[in-house]
Every structure is written in structure tokens, then in C-alpha cells.
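Peer 1: My structure is in protein29.cif, and what it holds is mmCIF, C-alpha atoms:
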data_query
loop_
_atom_site.group_PDB
_atom_site.id
_atom_site.type_symbol
_atom_site.label_atom_id
_atom_site.label_comp_id
_atom_site.auth_asym_id
_atom_site.auth_seq_id
_atom_site.Cartn_x
_atom_site.Cartn_y
_atom_site.Cartn_z
ATOM 1 C CA MET C 1 130.904 97.372 117.034
ATOM 2 C CA ARG C 2 134.267 96.513 118.550
ATOM 3 C CA ILE C 3 137.061 97.152 116.040
ATOM 4 C CA LEU C 4 140.773 96.499 116.236
ATOM 5 C CA THR C 5 142.407 99.144 114.068
ATOM 6 C CA ALA C 6 145.957 98.260 113.021
ATOM 7 C CA LEU C 7 147.768 101.393 111.857
ATOM 8 C CA GLY C 8 150.588 100.998 109.365
ATOM 9 C CA SER C 9 153.727 103.056 109.839
ATOM 10 C CA CYS C 10 152.489 105.482 107.150
ATOM 11 C CA ALA C 11 149.552 106.414 109.405
ATOM 12 C CA LEU C 12 152.118 107.788 111.847
ATOM 13 C CA LEU C 13 154.420 109.284 109.232
ATOM 14 C CA PRO C 14 153.659 109.527 105.479
ATOM 15 C CA ARG C 15 155.885 107.447 103.216
ATOM 16 C CA GLY C 16 159.002 109.373 102.161
ATOM 17 C CA THR C 17 158.571 112.025 104.881
ATOM 18 C CA LYS C 18 161.494 112.862 107.133
ATOM 19 C CA LEU C 19 160.912 111.897 110.767
ATOM 20 C CA ALA C 20 160.693 115.377 112.257
ATOM 21 C CA PRO C 21 158.338 116.644 114.996
ATOM 22 C CA ILE C 22 156.018 118.743 112.809
ATOM 23 C CA PRO C 23 155.326 116.175 110.011
ATOM 24 C CA GLN C 24 154.806 113.435 112.581
ATOM 25 C CA LEU C 25 152.437 115.609 114.624
ATOM 26 C CA GLN C 26 150.436 116.434 111.494
ATOM 27 C CA ALA C 27 150.174 112.749 110.563
ATOM 28 C CA LEU C 28 149.155 111.734 114.085
ATOM 29 C CA ASN C 29 146.494 114.431 114.277
ATOM 30 C CA ALA C 30 145.063 113.414 110.892
ATOM 31 C CA THR C 31 145.011 109.752 111.962
ATOM 32 C CA ALA C 32 143.397 110.617 115.310
ATOM 33 C CA HIS C 33 140.695 112.565 113.480
ATOM 34 C CA GLN C 34 139.809 109.494 111.392
ATOM 35 C CA LEU C 35 139.786 107.248 114.465
ATOM 36 C CA ALA C 36 137.616 109.744 116.349
ATOM 37 C CA ARG C 37 135.064 109.577 113.512
ATOM 38 C CA LEU C 38 134.775 105.833 114.097
ATOM 39 C CA VAL C 39 134.322 106.301 117.849
ATOM 40 C CA LEU C 40 131.721 109.058 117.425
ATOM 41 C CA ALA C 41 129.800 106.729 115.085
ATOM 42 C CA GLY C 42 129.353 104.383 118.059
ATOM 43 C CA ASN C 43 132.257 101.978 117.614
ATOM 44 C CA GLN C 44 134.687 100.804 120.279
ATOM 45 C CA LEU C 45 138.373 100.791 119.297
ATOM 46 C CA VAL C 46 141.516 98.908 120.108
ATOM 47 C CA VAL C 47 144.511 100.440 118.305
ATOM 48 C CA THR C 48 147.804 98.835 117.301
ATOM 49 C CA HIS C 49 150.543 100.482 115.241
ATOM 50 C CA GLY C 50 153.835 100.134 113.411
ATOM 51 C CA ASN C 51 157.136 101.585 114.575
ATOM 52 C CA ALA C 52 159.726 101.031 111.808
ATOM 53 C CA ALA C 53 160.808 104.638 111.235
ATOM 54 C CA GLN C 54 160.965 105.425 114.950
ATOM 55 C CA LEU C 55 162.957 102.272 115.686
ATOM 56 C CA GLY C 56 165.466 103.314 113.032
ATOM 57 C CA VAL C 57 165.899 106.761 114.577
ATOM 58 C CA LEU C 58 166.360 105.425 118.101
ATOM 59 C CA GLY C 59 168.813 102.825 116.812
ATOM 60 C CA LEU C 60 170.902 105.531 115.147
ATOM 61 C CA GLN C 61 170.822 107.695 118.277
ATOM 62 C CA ALA C 62 171.906 104.744 120.403
ATOM 63 C CA LEU C 63 174.892 104.066 118.134
ATOM 64 C CA ASN C 64 176.080 107.641 118.597
ATOM 65 C CA GLY C 65 176.556 107.061 122.321
ATOM 66 C CA PRO C 66 179.271 105.111 124.152
ATOM 67 C CA CYS C 67 179.547 101.521 122.966
ATOM 68 C CA GLN C 68 179.218 100.116 126.494
ATOM 69 C CA GLU C 69 175.895 101.958 126.917
ATOM 70 C CA LEU C 70 174.278 100.654 123.702
ATOM 71 C CA GLN C 71 170.703 99.650 124.480
ATOM 72 C CA SER C 72 169.424 96.244 123.397
ATOM 73 C CA LEU C 73 166.800 95.994 120.674
ATOM 74 C CA ASP C 74 163.996 95.016 123.073
ATOM 75 C CA VAL C 75 164.594 98.220 125.064
ATOM 76 C CA LEU C 76 164.527 100.321 121.887
ATOM 77 C CA GLN C 77 161.241 98.682 120.897
ATOM 78 C CA ALA C 78 159.768 99.487 124.302
ATOM 79 C CA GLN C 79 160.878 103.094 123.848
ATOM 80 C CA THR C 80 159.077 103.341 120.493
ATOM 81 C CA GLN C 81 155.908 101.995 122.113
ATOM 82 C CA ALA C 82 156.079 104.662 124.802
ATOM 83 C CA TRP C 83 156.863 107.390 122.263
ATOM 84 C CA LEU C 84 154.100 106.545 119.792
ATOM 85 C CA GLY C 85 151.599 105.398 122.390
ATOM 86 C CA TYR C 86 151.861 108.722 124.195
ATOM 87 C CA LYS C 87 151.568 110.724 120.971
ATOM 88 C CA LEU C 88 148.588 108.691 119.735
ATOM 89 C CA GLU C 89 146.829 108.906 123.086
ATOM 90 C CA LEU C 90 147.376 112.667 123.207
ATOM 91 C CA ALA C 91 146.070 113.132 119.659
ATOM 92 C CA LEU C 92 143.036 110.917 120.303
ATOM 93 C CA ARG C 93 142.116 112.701 123.537
ATOM 94 C CA ASN C 94 142.315 116.019 121.698
ATOM 95 C CA ALA C 95 140.147 114.712 118.851
ATOM 96 C CA LEU C 96 137.434 113.223 121.075
ATOM 97 C CA PRO C 97 134.940 114.954 123.392
ATOM 98 C CA PRO C 98 135.968 115.511 127.031
ATOM 99 C CA GLY C 99 135.624 112.404 129.146
ATOM 100 C CA ALA C 100 136.650 109.921 126.457
ATOM 101 C CA MET C 101 139.038 107.386 127.923
ATOM 102 C CA ALA C 102 142.189 106.303 126.084
ATOM 103 C CA VAL C 103 145.164 104.417 127.512
ATOM 104 C CA SER C 104 148.476 103.479 125.884
ATOM 105 C CA MET C 105 149.984 100.224 127.162
ATOM 106 C CA LEU C 106 153.449 98.809 126.678
ATOM 107 C CA THR C 107 152.945 95.298 125.319
ATOM 108 C CA GLN C 108 155.146 92.208 125.445
ATOM 109 C CA THR C 109 154.600 89.381 122.980
ATOM 110 C CA LYS C 110 155.517 85.832 123.858
ATOM 111 C CA VAL C 111 157.287 83.875 121.110
ATOM 112 C CA ASP C 112 157.915 80.175 120.655
ATOM 113 C CA PRO C 113 161.592 79.225 121.149
ATOM 114 C CA ARG C 114 161.137 76.714 118.287
ATOM 115 C CA ASP C 115 159.971 79.423 115.871
ATOM 116 C CA ARG C 116 161.565 78.892 112.462
ATOM 117 C CA GLY C 117 162.332 82.602 112.354
ATOM 118 C CA PHE C 118 165.294 82.017 114.657
ATOM 119 C CA HIS C 119 166.994 80.056 111.860
ATOM 120 C CA ALA C 120 165.867 82.167 108.889
ATOM 121 C CA PRO C 121 168.002 84.914 107.292
ATOM 122 C CA GLY C 122 166.174 87.605 109.281
ATOM 123 C CA VAL C 123 164.631 91.000 108.527
ATOM 124 C CA PRO C 124 166.320 94.416 108.491
ATOM 125 C CA VAL C 125 165.846 96.711 111.495
ATOM 126 C CA GLY C 126 167.248 100.078 112.437
ATOM 127 C CA PRO C 127 169.256 102.512 110.340
ATOM 128 C CA VAL C 128 170.765 101.735 106.927
ATOM 129 C CA PHE C 129 174.536 102.066 106.392
ATOM 130 C CA ASP C 130 177.085 101.682 103.637
ATOM 131 C CA GLN C 131 178.639 98.218 103.576
ATOM 132 C CA PRO C 132 181.979 99.069 105.302
ATOM 133 C CA THR C 133 180.169 100.815 108.172
ATOM 134 C CA ALA C 134 177.718 97.927 108.538
ATOM 135 C CA GLU C 135 180.590 95.427 108.620
ATOM 136 C CA ARG C 136 182.411 97.483 111.253
ATOM 137 C CA LEU C 137 179.302 97.651 113.444
ATOM 138 C CA ALA C 138 178.622 93.950 112.968
ATOM 139 C CA ALA C 139 182.133 93.122 114.167
ATOM 140 C CA ALA C 140 181.826 95.471 117.148
ATOM 141 C CA HIS C 141 178.373 94.337 118.304
ATOM 142 C CA GLY C 142 178.075 90.778 117.044
ATOM 143 C CA TRP C 143 175.341 91.657 114.577
ATOM 144 C CA LYS C 144 174.179 89.721 111.556
ATOM 145 C CA ILE C 145 173.922 92.093 108.572
ATOM 146 C CA GLY C 146 172.670 92.044 105.007
ATOM 147 C CA PRO C 147 171.582 94.228 102.074
ATOM 148 C CA ALA C 148 168.554 96.457 102.707
ATOM 149 C CA GLY C 149 167.312 98.823 100.020
ATOM 150 C CA ARG C 150 170.199 101.058 98.962
ATOM 151 C CA GLY C 151 172.491 100.049 101.791
ATOM 152 C CA TRP C 152 173.193 97.504 104.482
ATOM 153 C CA CYS C 153 171.339 96.894 107.718
ATOM 154 C CA ARG C 154 171.232 94.756 110.817
ATOM 155 C CA LEU C 155 169.202 91.534 110.408
ATOM 156 C CA VAL C 156 167.257 89.969 113.286
ATOM 157 C CA PRO C 157 164.803 87.056 113.627
ATOM 158 C CA PHE C 158 161.223 87.729 112.460
ATOM 159 C CA LEU C 159 158.881 85.809 114.749
ATOM 160 C CA ALA C 160 155.214 84.848 115.014
ATOM 161 C CA PRO C 161 153.199 85.800 118.116
ATOM 162 C CA ALA C 162 152.509 82.960 120.537
ATOM 163 C CA GLY C 163 150.866 84.993 123.307
ATOM 164 C CA ILE C 164 150.317 88.517 124.633
ATOM 165 C CA ILE C 165 151.591 88.954 128.188
ATOM 166 C CA GLU C 166 149.233 91.843 128.945
ATOM 167 C CA LEU C 167 146.176 90.239 127.292
ATOM 168 C CA ASP C 168 144.056 90.005 130.446
ATOM 169 C CA ALA C 169 144.761 93.627 131.372
ATOM 170 C CA ILE C 170 143.915 94.805 127.845
ATOM 171 C CA HIS C 171 140.695 92.778 127.893
ATOM 172 C CA ARG C 172 139.594 94.299 131.209
ATOM 173 C CA LEU C 173 140.186 97.833 129.946
ATOM 174 C CA VAL C 174 138.380 97.171 126.659
ATOM 175 C CA ASN C 175 135.411 95.693 128.520
ATOM 176 C CA THR C 176 135.043 98.944 130.484
ATOM 177 C CA GLY C 177 134.920 101.051 127.319
ATOM 178 C CA VAL C 178 138.514 102.297 127.281
ATOM 179 C CA ILE C 179 140.272 102.869 123.948
ATOM 180 C CA VAL C 180 143.471 100.840 124.338
ATOM 181 C CA ILE C 181 146.578 101.615 122.291
ATOM 182 C CA CYS C 182 148.806 98.549 122.455
ATOM 183 C CA GLY C 183 150.895 96.055 120.498
ATOM 184 C CA GLY C 184 153.174 98.697 119.000
ATOM 185 C CA GLY C 185 155.491 97.108 116.445
ATOM 186 C CA GLY C 186 153.944 93.721 117.225
ATOM 187 C CA GLY C 187 154.980 94.038 120.866
ATOM 188 C CA VAL C 188 158.378 93.539 122.476
ATOM 189 C CA PRO C 189 159.301 89.874 121.857
ATOM 190 C CA VAL C 190 159.950 87.920 125.037
ATOM 191 C CA SER C 191 160.726 84.331 125.906
ATOM 192 C CA VAL C 192 159.139 82.676 128.924
ATOM 193 C CA SER C 193 161.186 80.189 130.959
ATOM 194 C CA LYS C 194 159.754 77.097 132.643
ATOM 195 C CA ASP C 195 159.536 79.009 135.921
ATOM 196 C CA GLY C 196 157.700 81.898 134.247
ATOM 197 C CA ARG C 197 160.563 84.379 133.997
ATOM 198 C CA LEU C 198 160.455 86.771 131.026
ATOM 199 C CA THR C 199 163.479 87.705 128.930
ATOM 200 C CA GLY C 200 163.497 90.311 126.162
ATOM 201 C CA LEU C 201 164.854 89.184 122.792
ATOM 202 C CA GLU C 202 166.904 90.740 120.002
ATOM 203 C CA ALA C 203 164.186 90.109 117.418
ATOM 204 C CA VAL C 204 160.948 91.567 116.030
ATOM 205 C CA VAL C 205 157.413 90.177 115.942
ATOM 206 C CA ASP C 206 155.243 90.084 112.816
ATOM 207 C CA ARG C 207 153.052 93.046 113.779
ATOM 208 C CA HIS C 208 150.242 92.210 111.364
ATOM 209 C CA ALA C 209 150.026 88.673 112.709
ATOM 210 C CA ALA C 210 150.149 90.051 116.259
ATOM 211 C CA SER C 211 147.221 92.383 115.511
ATOM 212 C CA ALA C 212 145.172 89.476 114.116
ATOM 213 C CA TYR C 213 146.119 87.308 117.112
ATOM 214 C CA LEU C 214 145.089 90.040 119.557
ATOM 215 C CA ALA C 215 141.862 90.802 117.680
ATOM 216 C CA ALA C 216 140.748 87.175 117.827
ATOM 217 C CA ARG C 217 141.314 87.015 121.580
ATOM 218 C CA LEU C 218 139.596 90.307 122.371
ATOM 219 C CA ASP C 219 136.389 89.172 120.644
ATOM 220 C CA VAL C 220 136.461 92.107 118.232
ATOM 221 C CA ASP C 221 133.834 92.232 115.510
ATOM 222 C CA PHE C 222 136.060 93.665 112.783
ATOM 223 C CA LEU C 223 139.784 93.811 112.036
ATOM 224 C CA LEU C 224 140.664 97.011 110.166
ATOM 225 C CA LEU C 225 144.169 97.175 108.682
ATOM 226 C CA LEU C 226 144.964 100.745 107.610
ATOM 227 C CA ASN C 227 147.867 102.007 105.502
ATOM 228 C CA ASP C 228 148.357 104.301 102.496
ATOM 229 C CA THR C 229 147.063 102.037 99.698
ATOM 230 C CA PRO C 230 143.417 101.718 98.575
ATOM 231 C CA GLY C 231 143.320 97.994 99.288
ATOM 232 C CA ILE C 232 144.772 94.735 98.022
ATOM 233 C CA TYR C 233 145.960 94.927 94.415
ATOM 234 C CA LEU C 234 146.027 92.152 91.895
ATOM 235 C CA ASP C 235 148.474 92.578 89.002
ATOM 236 C CA TYR C 236 150.129 95.344 90.998
ATOM 237 C CA GLY C 237 152.165 97.744 88.891
ATOM 238 C CA GLY C 238 150.864 96.362 85.597
ATOM 239 C CA PRO C 239 148.357 97.773 83.122
ATOM 240 C CA GLU C 240 145.632 95.467 84.478
ATOM 241 C CA GLN C 241 146.113 96.256 88.157
ATOM 242 C CA ARG C 242 142.862 96.146 90.109
ATOM 243 C CA VAL C 243 141.842 96.739 93.702
ATOM 244 C CA VAL C 244 139.972 93.820 95.243
ATOM 245 C CA ALA C 245 136.642 94.967 96.668
ATOM 246 C CA CYS C 246 135.606 91.749 98.395
ATOM 247 C CA ALA C 247 137.106 88.292 98.784
ATOM 248 C CA GLY C 248 136.733 85.091 100.687
ATOM 249 C CA PRO C 249 139.813 84.141 102.728
ATOM 250 C CA ASP C 250 140.552 81.068 100.598
ATOM 251 C CA ALA C 251 140.155 82.981 97.327
ATOM 252 C CA LEU C 252 142.463 85.773 98.500
ATOM 253 C CA ALA C 253 144.988 83.368 100.020
ATOM 254 C CA ALA C 254 145.343 81.663 96.643
ATOM 255 C CA HIS C 255 146.828 84.901 95.277
ATOM 256 C CA ILE C 256 149.134 85.666 98.223
ATOM 257 C CA PRO C 257 152.141 83.705 96.850
ATOM 258 C CA GLY C 258 152.136 86.082 93.882
ATOM 259 C CA PHE C 259 152.284 89.206 96.009
ATOM 260 C CA SER C 260 155.626 90.932 96.350
ATOM 261 C CA GLY C 261 157.137 91.024 99.816
ATOM 262 C CA GLY C 262 156.209 93.739 102.236
ATOM 263 C CA SER C 263 153.118 94.961 103.976
ATOM 264 C CA MET C 264 150.524 93.969 101.332
ATOM 265 C CA ARG C 265 151.358 90.296 101.673
ATOM 266 C CA ALA C 266 151.590 90.489 105.480
ATOM 267 C CA GLN C 267 148.264 92.295 105.783
ATOM 268 C CA ALA C 268 146.511 89.826 103.477
ATOM 269 C CA GLU C 269 147.868 86.874 105.477
ATOM 270 C CA ALA C 270 146.804 88.455 108.789
ATOM 271 C CA ALA C 271 143.318 89.315 107.514
ATOM 272 C CA CYS C 272 142.759 85.801 106.163
ATOM 273 C CA ALA C 273 143.992 84.233 109.405
ATOM 274 C CA PHE C 274 141.618 86.371 111.501
ATOM 275 C CA VAL C 275 138.598 85.629 109.287
ATOM 276 C CA ARG C 276 139.326 81.892 109.247
ATOM 277 C CA GLU C 277 139.790 81.724 113.013
ATOM 278 C CA THR C 278 136.798 83.823 114.021
ATOM 279 C CA GLY C 279 134.349 83.793 111.109
ATOM 280 C CA LYS C 280 134.220 87.588 111.373
ATOM 281 C CA GLN C 281 135.310 90.213 108.866
ATOM 282 C CA ALA C 282 138.518 92.091 108.120
ATOM 283 C CA ALA C 283 139.340 94.892 105.705
ATOM 284 C CA ILE C 284 142.408 96.615 104.291
ATOM 285 C CA GLY C 285 142.675 100.165 102.979
ATOM 286 C CA ARG C 286 143.729 103.774 103.485
ATOM 287 C CA ILE C 287 143.507 105.535 106.824
ATOM 288 C CA GLU C 288 141.568 108.435 105.265
ATOM 289 C CA ASP C 289 138.975 105.953 103.954
ATOM 290 C CA ALA C 290 138.346 104.268 107.319
ATOM 291 C CA ALA C 291 134.650 105.158 107.594
ATOM 292 C CA GLU C 292 134.042 104.327 103.929
ATOM 293 C CA ILE C 293 135.781 100.969 104.347
ATOM 294 C CA LEU C 294 133.460 100.024 107.200
ATOM 295 C CA ALA C 295 130.513 101.012 105.014
ATOM 296 C CA GLY C 296 131.794 98.697 102.264
ATOM 297 C CA ARG C 297 132.445 101.435 99.721
ATOM 298 C CA ARG C 298 136.258 101.453 99.835
ATOM 299 C CA GLY C 299 139.117 99.119 100.599
ATOM 300 C CA THR C 300 139.269 95.326 100.426
ATOM 301 C CA LEU C 301 136.800 93.357 102.546
ATOM 302 C CA ILE C 302 137.657 89.772 103.523
ATOM 303 C CA SER C 303 134.646 87.739 104.627
ATOM 304 C CA SER C 304 133.873 84.068 105.163
ATOM 305 C CA GLN C 305 130.475 84.742 103.577
ATOM 306 C CA VAL C 306 132.187 85.308 100.217
ATOM 307 C CA ARG C 307 133.819 82.687 97.994
ATOM 308 C CA ASN C 308 135.329 84.502 95.031
ATOM 309 C CA LEU C 309 136.900 87.892 94.342
ATOM 310 C CA SER C 310 135.161 91.035 93.165
ATOM 311 C CA PHE C 311 136.792 94.309 92.203
ATOM 312 C CA HIS C 312 136.174 98.012 92.484
ATOM 313 C CA ASP C 313 135.039 99.472 89.161
ATOM 314 C CA GLU C 314 137.714 102.114 88.925
ATOM 315 C CA VAL C 315 141.366 101.291 88.268
ATOM 316 C CA VAL C 316 143.342 103.042 90.985
ATOM 317 C CA PRO C 317 146.823 104.177 89.878
ATOM 318 C CA VAL C 318 149.905 103.172 91.844
#
Once more with this new file: its structure as C-alpha cells, please.
Peer 2:
Amino acid sequence: MRILTALGSCALLPRGTKLAPIPQLQALNATAHQLARLVLAGNQLVVTHGNAAQLGVLGLQALNGPCQELQSLDVLQAQTQAWLGYKLELALRNALPPGAMAVSMLTQTKVDPRDRGFHAPGVPVGPVFDQPTAERLAAAHGWKIGPAGRGWCRLVPFLAPAGIIELDAIHRLVNTGVIVICGGGGGVPVSVSKDGRLTGLEAVVDRHAASAYLAARLDVDFLLLLNDTPGIYLDYGGPEQRVVACAGPDALAAHIPGFSGGSMRAQAEAACAFVRETGKQAAIGRIEDAAEILAGRRGTLISSQVRNLSFHDEVVPV
């Protein structure tokens, strides 16, 4: 079975863990071990991943250099792809038998110049500052800023994928049995001019939507969205919270407006979009449950063969 495995940022660094070499290496090795189990079971993988923590670190490092040498956001995103792609490829090669082929590929994602995200408030990227520091940086670099968590952060457009520049190359590699690591952070957003010239943008792509878009065009059999939660919750945080075991895309989509912002909503939207477009299946759950999710014993399965929602028997605590 051909599977596109979309790794959340927590698969590369556990939530609340400081971005240091040893914790990140431990997380990558654990993730690679789970992915290797899927490969050794006879599946073919395409791997995408998040990059939020790494983008924040590189953004902070860039600000500590000379102002005239500050790298643009598209360059920082490309650097995170190289960083994490290399580390994931290394960990996967070490986890798999000799001769297994894995390739990490820098990926550019085409966006529509009419995307509504260009006119929306934007999403936070990079490091978080106190308000005076954020205002000073905004004045110096022409940034748009806004509140983010306990501080202030740069805000940039959040865009939908409209194409993958390297799609044909990825498809050729996948068709020869290579494990391809691509689409890091949704890909570097680029605009395409009428004469075909590419220009990197100061924006980010919806990485969950990009994974679903890529999965549909690589003819994968299963979209597997992995993070650090057991699946999609209903009544999250309340006494009646439940983990959805199985759902049809329409039944799940009806509950999406009630989800809080963040990755749960984005993953549910991406999974539903993939299932509707392809008629195939998607699932959401924890990286350590990957094999059990494919077997239908863990996580949330989204299938066009299902109409309503069913739930796992146990109530899983937050």
C-alpha cells in the first residue's frame, strides 16, 4: 500500500521540549523507527513534515545578524526543509535494512495570487517577542505583527496549495520505490509569472492541505496524519470528550466548525478533502500508534464508506 505520512511538528520534537540536538535526535529516531515498521510491513511511504519550531529558531538566529543580511522567509523555510529532510533521511536509513532508498527533496508550492490569505490577518511565524521588541522589529523590517500566545509575533499570509513544482520528479522517484521526504512545512510558497518565472514569497502554506493535495496527485492509497493526540476529539476538554474511531467525511466536516483553531481542525479538513477527492481513506492519530491506526484499532479513520460517527470505547484523557 502506498501511504503518504504527514508528520506533525511533535513527531520531530515533543511538545514543550526545548529545541536542542539531543531531544530532537531522540524524537527523530523514534519517529523513524515507527516509519520503518510500516515499510517492513510492505508499505511504500511518502513523508511530509512540519517545521514550526525550527523556523522559529532560524528566524531568531537571522535577527541576531546584521540587518542588511537578514534572510527572507522563503529562504528560511528552504533551510528548515534541508535541515529536517537530512535528519529524517539519516534516521530512516539507519532504521531500515541496507539498500533501502530514501531521498529528501526541497519542495516549492505554487500559490494562487488571488488567494484570500493575502488579505486575511495572517498567521504567526518565527520567534515570539514582547510587544515593544516586536514593534521595533516591525518598524525596522516592514513586518505585520500581532499577539501570539504569551507575546507578539510576525504575521504572514496563510495560503492554500495550488500546485507542487517538483510533483513530476517526486512521482518518478515514488514509482521506482524510493521513500521521498518532501513538502516540509507545506513547501516554500512561490508565485509563477506568465512567462513561468518563480518568485519566493514571504508567506506560509497550509501544510496539512499541501499533504492532502500531494497525496491525491501521487495516487496514494492512504493518507496518514500523525501527531501527539490519539485522534479527533469531540467535546474536547470537557467531561464527555470522546475520540472518534470512524467517520464519513460529511459527518466529520459537520463538526469541524466547533473545533478550536490549530492542528486538529486543519488535519480534519485535510483528511476530509482527500477522502472526498479520491474516495480513499485517511486517518489521524499518534505517531507511536501508526501501525495500529492502519489496522483500524487506534486513531480516527475517515472513509467514504462510512456515513456517521463511531467512537472508541475508552475515554482518553487530555
Peer 1: Nearest residue to Asp206 in chain C out of C:Pro147, C:Gly122, C:Pro230, C:Gly177, using only C-alpha atoms?
Peer 2: C:Gly122
Peer 1: How would you write, as a PyMOL selection string, the residues chosen by the PyMOL selection byres ((chain C and resi 186-198) around 7) on this structure?
Peer 2: chain C and resi 74+77-78+107-111+183-185+199-201+203-207+210
Peer 1: If we count only C-alpha atoms, what is near range 79-88 of chain C at a cut-off of 10 Å, once residues fewer than 4 positions away on the same chain are taken out, given as a PyMOL selection string?
Peer 2: chain C and resi 12+24-25+28-29+31-32+47-58+73-75+92-94+102-107+180-188
Peer 1: Residues at most 8 Å from range 116-121 of chain C, counting all atoms listed in the file, excluding those fewer than 2 positions away in the same chain, as a ChimeraX atom specification?
Peer 2: /C:113-114,123,155-160
Peer 1: Using the chain letters and numbers from this file, what does the PyMOL selection byres ((chain C and resi 150-153) around 6) select? Give the answer as a list of chain:residue names.
Peer 2: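 Applying the expression gives C:Pro124, C:Val128, C:Phe129, C:Asp130, C:Gln131, C:Ile145, C:Gly146, C:Pro147, C:Ala148, C:Gly149, C:Arg154.
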Peer 1: When you draw a straight line from CA of Ala216 in chain C to CA of Ala41 in chain C, how long is it in Å?
Peer 2: 22.6 Å
Peer 1: Return as lines of an AutoDock Vina configuration file the centre and edge lengths, in Å with one decimal, of the box along x, y and z that encloses every atom of range 216-232 of chain C in the file, padded by 4 Å per side.
Peer 2:
center_x = 141.1
center_y = 95.7
center_z = 110.2
size_x = 22.5
size_y = 25.3
size_z = 32.3
Peer 1: Which range 156-237 of chain C residues have any atom within 12 Å of an atom of range 279-287 of chain C, and for each, what is the nearest pair of atoms with distance in Å to one decimal, counting only C-alpha atoms, rows sorted by chain and number, as CSV?
Peer 2:
residue,atom,partner,partner_atom,distance
C:His208,CA,C:Ile284,CA,11.4
C:Ser211,CA,C:Ala282,CA,11.4
C:Ala212,CA,C:Ala282,CA,9.3
C:Ala215,CA,C:Ala282,CA,10.2
C:Ala216,CA,C:Lys280,CA,9.2
C:Asp219,CA,C:Lys280,CA,9.7
C:Val220,CA,C:Lys280,CA,8.5
C:Asp221,CA,C:Lys280,CA,6.2
C:Phe222,CA,C:Gln281,CA,5.3
C:Leu223,CA,C:Ala282,CA,4.5
C:Leu224,CA,C:Ala283,CA,5.1
C:Leu225,CA,C:Ile284,CA,4.8
C:Leu226,CA,C:Ile287,CA,5.1
C:Asn227,CA,C:Arg286,CA,4.9
C:Asp228,CA,C:Arg286,CA,4.8
C:Thr229,CA,C:Arg286,CA,5.3
C:Pro230,CA,C:Gly285,CA,4.7
C:Gly231,CA,C:Gly285,CA,4.3
C:Ile232,CA,C:Ile284,CA,7.0
C:Tyr233,CA,C:Gly285,CA,10.6
Peer 1: Find the residue from C:Met264, C:Ala247, C:Cys10, C:Leu252 that sits nearest to Gln305 in chain C; use only C-alpha atoms when measuring.
Peer 2: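 Closest to Gln305 in chain C, using only C-alpha atoms: C:Ala247.
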Peer 1: I'd like the interatomic distance between CA of Ala11 in chain C and CA of Ala27 in chain C, to a tenth of an Å.
Peer 2: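 Going from CA of Ala11 in chain C over to CA of Ala27 in chain C covers 6.5 Å.
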Peer 1: Using all atoms listed in the file, which residue out of C:Val125, C:Leu19, C:Ala95, C:Val243 lies closest to Leu76 in chain C?
Peer 2: C:Val125
Peer 1: What lies within 8 Å of Pro249 in chain C using all atoms listed in the file, ignoring chain neighbours under 2 positions off, as a list of chain:residue names?
Peer 2: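 In the requested form, the answer reads C:Ala247, C:Ala251, C:Leu252, C:Ala253, C:Ala271, C:Cys272, C:Ala273, C:Val275, C:Arg276, C:Ile302, C:Ser303, C:Ser304, C:Arg307.
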Peer 1: Report, in Å to a single decimal, how far apart CA of Gly99 in chain C and CA of Leu13 in chain C are.
Peer 2: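 CA of Gly99 in chain C lies at a distance of 27.6 Å from CA of Leu13 in chain C.
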Peer 1: Applied to this file, what does the PyMOL selection byres ((chain C and resi 39) around 10) return in terms of residues, put as a VMD selection string?
Peer 2: chain C and resid 1 to 3 33 to 38 40 to 45 96 100 179
Peer 1: Please, could N, CA and C atoms be added to range 280-291 of chain C and the result written as a PDB file, in the coordinates of the input?
Peer 2:
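Now in out-v1.pdb:
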ATOM      1  N   LYS C 280     134.606  86.176 111.469  1.00  0.00           N
ATOM      2  CA  LYS C 280     134.220  87.588 111.373  1.00  0.00           C
ATOM      3  C   LYS C 280     134.919  88.229 110.174  1.00  0.00           C
ATOM      4  N   GLN C 281     134.818  89.544 110.056  1.00  0.00           N
ATOM      5  CA  GLN C 281     135.310  90.213 108.866  1.00  0.00           C
ATOM      6  C   GLN C 281     136.565  91.038 109.135  1.00  0.00           C
ATOM      7  N   ALA C 282     137.334  91.229 108.082  1.00  0.00           N
ATOM      8  CA  ALA C 282     138.518  92.091 108.120  1.00  0.00           C
ATOM      9  C   ALA C 282     138.520  92.926 106.851  1.00  0.00           C
ATOM     10  N   ALA C 283     139.227  94.049 106.891  1.00  0.00           N
ATOM     11  CA  ALA C 283     139.340  94.892 105.705  1.00  0.00           C
ATOM     12  C   ALA C 283     140.679  95.598 105.711  1.00  0.00           C
ATOM     13  N   ILE C 284     141.114  95.976 104.507  1.00  0.00           N
ATOM     14  CA  ILE C 284     142.408  96.615 104.291  1.00  0.00           C
ATOM     15  C   ILE C 284     142.201  97.842 103.414  1.00  0.00           C
ATOM     16  N   GLY C 285     142.797  98.974 103.800  1.00  0.00           N
ATOM     17  CA  GLY C 285     142.675 100.165 102.979  1.00  0.00           C
ATOM     18  C   GLY C 285     143.377 101.355 103.587  1.00  0.00           C
ATOM     19  N   ARG C 286     143.060 102.547 103.065  1.00  0.00           N
ATOM     20  CA  ARG C 286     143.729 103.774 103.485  1.00  0.00           C
ATOM     21  C   ARG C 286     143.121 104.337 104.769  1.00  0.00           C
ATOM     22  N   ILE C 287     143.964 104.948 105.575  1.00  0.00           N
ATOM     23  CA  ILE C 287     143.507 105.535 106.824  1.00  0.00           C
ATOM     24  C   ILE C 287     142.424 106.574 106.574  1.00  0.00           C
ATOM     25  N   GLU C 288     142.553 107.387 105.519  1.00  0.00           N
ATOM     26  CA  GLU C 288     141.568 108.435 105.265  1.00  0.00           C
ATOM     27  C   GLU C 288     140.235 107.883 104.770  1.00  0.00           C
ATOM     28  N   ASP C 289     140.213 106.590 104.412  1.00  0.00           N
ATOM     29  CA  ASP C 289     138.975 105.953 103.954  1.00  0.00           C
ATOM     30  C   ASP C 289     138.332 105.086 105.033  1.00  0.00           C
ATOM     31  N   ALA C 290     138.764 105.209 106.275  1.00  0.00           N
ATOM     32  CA  ALA C 290     138.346 104.268 107.319  1.00  0.00           C
ATOM     33  C   ALA C 290     136.833 104.114 107.409  1.00  0.00           C
ATOM     34  N   ALA C 291     136.111 105.231 107.475  1.00  0.00           N
ATOM     35  CA  ALA C 291     134.650 105.158 107.594  1.00  0.00           C
ATOM     36  C   ALA C 291     134.029 104.538 106.351  1.00  0.00           C
TER      37      ALA C 291
END
